[in-house]
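Each remark here refers to the structure printed beneath this line.
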Amino acid sequence: MVQIYHIVARDAWDAAQEAGEYRADSLGTQGFIHFSEADQVARVANAIYSGQDDLLLLEVDSERLRAALKYEPPDTTVPAAHDSVELFPHLYGPLNLDAVARVTAFAPDEDGVFHFLGE
């Protein structure tokens with residue numbers, strides 16, 4: 001199993017359960033859903049989700065995805081430190097729920113910093 005990760009608000013994940021698939025806002029605006037590899041999760045969380053505590057971390061088996069997965073350069077409009085050769089997984093379609101291997105609460109520590117043990 002090749003694992004990739006996606007950070008999602010709890011209410012968006014609840015809505016996905018009812019809909020039978022998950023569609024991030026970026027699917028409509030950019031054409032894909034942003035994912036991270038294990039070593040990218042904390043950096044993405046600290047750059048984008050600062051101050052939020054209603055988050056979940058989806059662990060996804062990339063081999064079970066139905067939509068196309070492509071590794072591409074980061075979105076440089078996102079305020080994060082980017083390595084010029086770093087690639088991020090992008091899913092070009094909705095996330096089928098049966099590809100999600102695990103869902104865990106994902107909150108920052110008491111100082112507001114996100115950490116991910118999978119790093």
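Note on naming: chains are A, B, ... as they come in the structure tokens, residues start from 1 per chain, ligands start from 1 in the order shown.
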
Query - Selection near segment 87-102 of chain A, 9 Å with only C-alpha atoms, sequence-local residues under 4 positions removed, as JSON, numbers by chain - result: {"A": [3, 4, 5, 16, 17, 20, 21, 22, 23, 24, 27, 31, 32, 33, 34, 35, 36, 37, 40, 57, 58, 59, 60, 61, 62, 63, 64, 65, 66, 67, 68, 69, 70, 71, 72, 73, 74, 83]}

Write out, as a PDB file, in the first residue's frame, the residues just selected, with C-alpha atoms.
ATOM      1  CA  GLN A   3      -0.047   5.920   1.538  1.00  0.00           C
ATOM      2  CA  ILE A   4      -0.877   9.537   0.823  1.00  0.00           C
ATOM      3  CA  TYR A   5      -2.601  11.989   3.133  1.00  0.00           C
ATOM      4  CA  ALA A  16     -18.582  13.143   2.059  1.00  0.00           C
ATOM      5  CA  GLN A  17     -19.916  10.188   4.033  1.00  0.00           C
ATOM      6  CA  GLY A  20     -20.600   8.636  -1.021  1.00  0.00           C
ATOM      7  CA  GLU A  21     -17.436  10.426  -2.236  1.00  0.00           C
ATOM      8  CA  TYR A  22     -15.237  13.334  -1.226  1.00  0.00           C
ATOM      9  CA  ARG A  23     -14.830  16.440  -3.377  1.00  0.00           C
ATOM     10  CA  ALA A  24     -12.545  19.144  -2.009  1.00  0.00           C
ATOM     11  CA  LEU A  27     -11.449  19.930  -7.327  1.00  0.00           C
ATOM     12  CA  GLY A  31      -9.275  20.467 -11.134  1.00  0.00           C
ATOM     13  CA  PHE A  32      -7.667  18.265  -8.483  1.00  0.00           C
ATOM     14  CA  ILE A  33      -7.570  17.425  -4.769  1.00  0.00           C
ATOM     15  CA  HIS A  34      -4.336  18.234  -2.923  1.00  0.00           C
ATOM     16  CA  PHE A  35      -2.639  15.364  -1.084  1.00  0.00           C
ATOM     17  CA  SER A  36       0.665  15.051   0.754  1.00  0.00           C
ATOM     18  CA  GLU A  37       3.218  12.383   1.399  1.00  0.00           C
ATOM     19  CA  GLN A  40       4.879  16.886   3.797  1.00  0.00           C
ATOM     20  CA  LEU A  57      -6.250  13.408   8.593  1.00  0.00           C
ATOM     21  CA  LEU A  58      -7.204  10.924   5.892  1.00  0.00           C
ATOM     22  CA  GLU A  59      -4.713   8.157   5.203  1.00  0.00           C
ATOM     23  CA  VAL A  60      -5.393   6.958   1.679  1.00  0.00           C
ATOM     24  CA  ASP A  61      -4.243   3.823  -0.126  1.00  0.00           C
ATOM     25  CA  SER A  62      -3.229   5.317  -3.470  1.00  0.00           C
ATOM     26  CA  GLU A  63      -3.487   1.920  -5.150  1.00  0.00           C
ATOM     27  CA  ARG A  64      -7.255   1.906  -4.519  1.00  0.00           C
ATOM     28  CA  LEU A  65      -7.973   5.300  -6.076  1.00  0.00           C
ATOM     29  CA  ARG A  66     -10.340   5.365  -9.037  1.00  0.00           C
ATOM     30  CA  ALA A  67      -9.359   8.825 -10.330  1.00  0.00           C
ATOM     31  CA  ALA A  68      -5.956   9.650 -11.803  1.00  0.00           C
ATOM     32  CA  LEU A  69      -3.181  10.498  -9.333  1.00  0.00           C
ATOM     33  CA  LYS A  70      -0.313  12.655 -10.566  1.00  0.00           C
ATOM     34  CA  TYR A  71       2.789  13.874  -8.741  1.00  0.00           C
ATOM     35  CA  GLU A  72       3.312  17.520  -9.598  1.00  0.00           C
ATOM     36  CA  PRO A  73       5.125  20.638  -8.379  1.00  0.00           C
ATOM     37  CA  PRO A  74       3.490  22.511  -5.491  1.00  0.00           C
ATOM     38  CA  ASP A  83      11.598  22.826  -2.571  1.00  0.00           C
TER      39      ASP A  83
END

Q. Hey, which of A:Ala45, A:Met1, A:Asp25, A:Asp14 ends up closest to Phe114 of chain A? Count only C-alpha atoms.
A.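 Ranked by minimum distance to Phe114 of chain A, first place goes to A:Ala45.
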
Q) Residues of segment 37-108 of chain A in strand (DSSP E or B) according to DSSP, as a PyMOL selection string? A) chain A and resi 55-61+68-72+88-92+95-96+100-105

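Minimum distance to Leu117 of chain A across A:Asp39, A:Asp54, A:Gln30, A:Val8 (counting only C-alpha atoms) occurs at A:Asp39.
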
Shortest contact to Asp111 of chain A, candidates A:Ser26, A:Ser50, A:Val44, A:Thr76, atoms counted only C-alpha atoms, goes to A:Ser50

I'd like the neighbourhood of Leu56 of chain A as an mmCIF file with N, CA and C atoms, in the first residue's frame, where a residue qualifies if any of its atoms comes within 6 Å (using only C-alpha atoms), though same-chain residues fewer than 5 positions away should be ignored.
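This went into selection_7.cif:
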data_model
loop_
_atom_site.group_PDB
_atom_site.id
_atom_site.type_symbol
_atom_site.label_atom_id
_atom_site.label_comp_id
_atom_site.auth_asym_id
_atom_site.auth_seq_id
_atom_site.Cartn_x
_atom_site.Cartn_y
_atom_site.Cartn_z
ATOM 1 N N ILE A 7 -5.722 16.486 4.529
ATOM 2 C CA ILE A 7 -6.277 17.141 5.710
ATOM 3 C C ILE A 7 -7.645 17.694 5.329
ATOM 4 N N VAL A 8 -8.631 17.414 6.165
ATOM 5 C CA VAL A 8 -10.004 17.812 5.843
ATOM 6 C C VAL A 8 -10.720 18.274 7.117
ATOM 7 N N ARG A 10 -13.746 18.385 9.654
ATOM 8 C CA ARG A 10 -14.657 17.317 10.081
ATOM 9 C C ARG A 10 -16.015 17.406 9.387
ATOM 10 N N THR A 104 -8.158 9.931 11.238
ATOM 11 C CA THR A 104 -7.805 10.242 12.613
ATOM 12 C C THR A 104 -7.970 11.741 12.866
ATOM 13 N N ALA A 105 -8.263 12.087 14.111
ATOM 14 C CA ALA A 105 -8.318 13.491 14.499
ATOM 15 C C ALA A 105 -6.933 14.077 14.308
ATOM 16 N N PHE A 106 -6.883 15.315 13.841
ATOM 17 C CA PHE A 106 -5.598 15.960 13.552
ATOM 18 C C PHE A 106 -5.638 17.370 14.102
#

Computed gap from atom CA of Ala12 of chain A to atom CA of Glu110 of chain A is 24.3 Å

Pairwise distance, atom CA of Tyr49 of chain A with atom CA of Pro108 of chain A, equals 9.3 Å

Counting only C-alpha atoms, the residue among A:Asp53, A:Asp11, A:Asp75, A:Glu18 that lies closest to Asp109 of chain A is A:Asp53
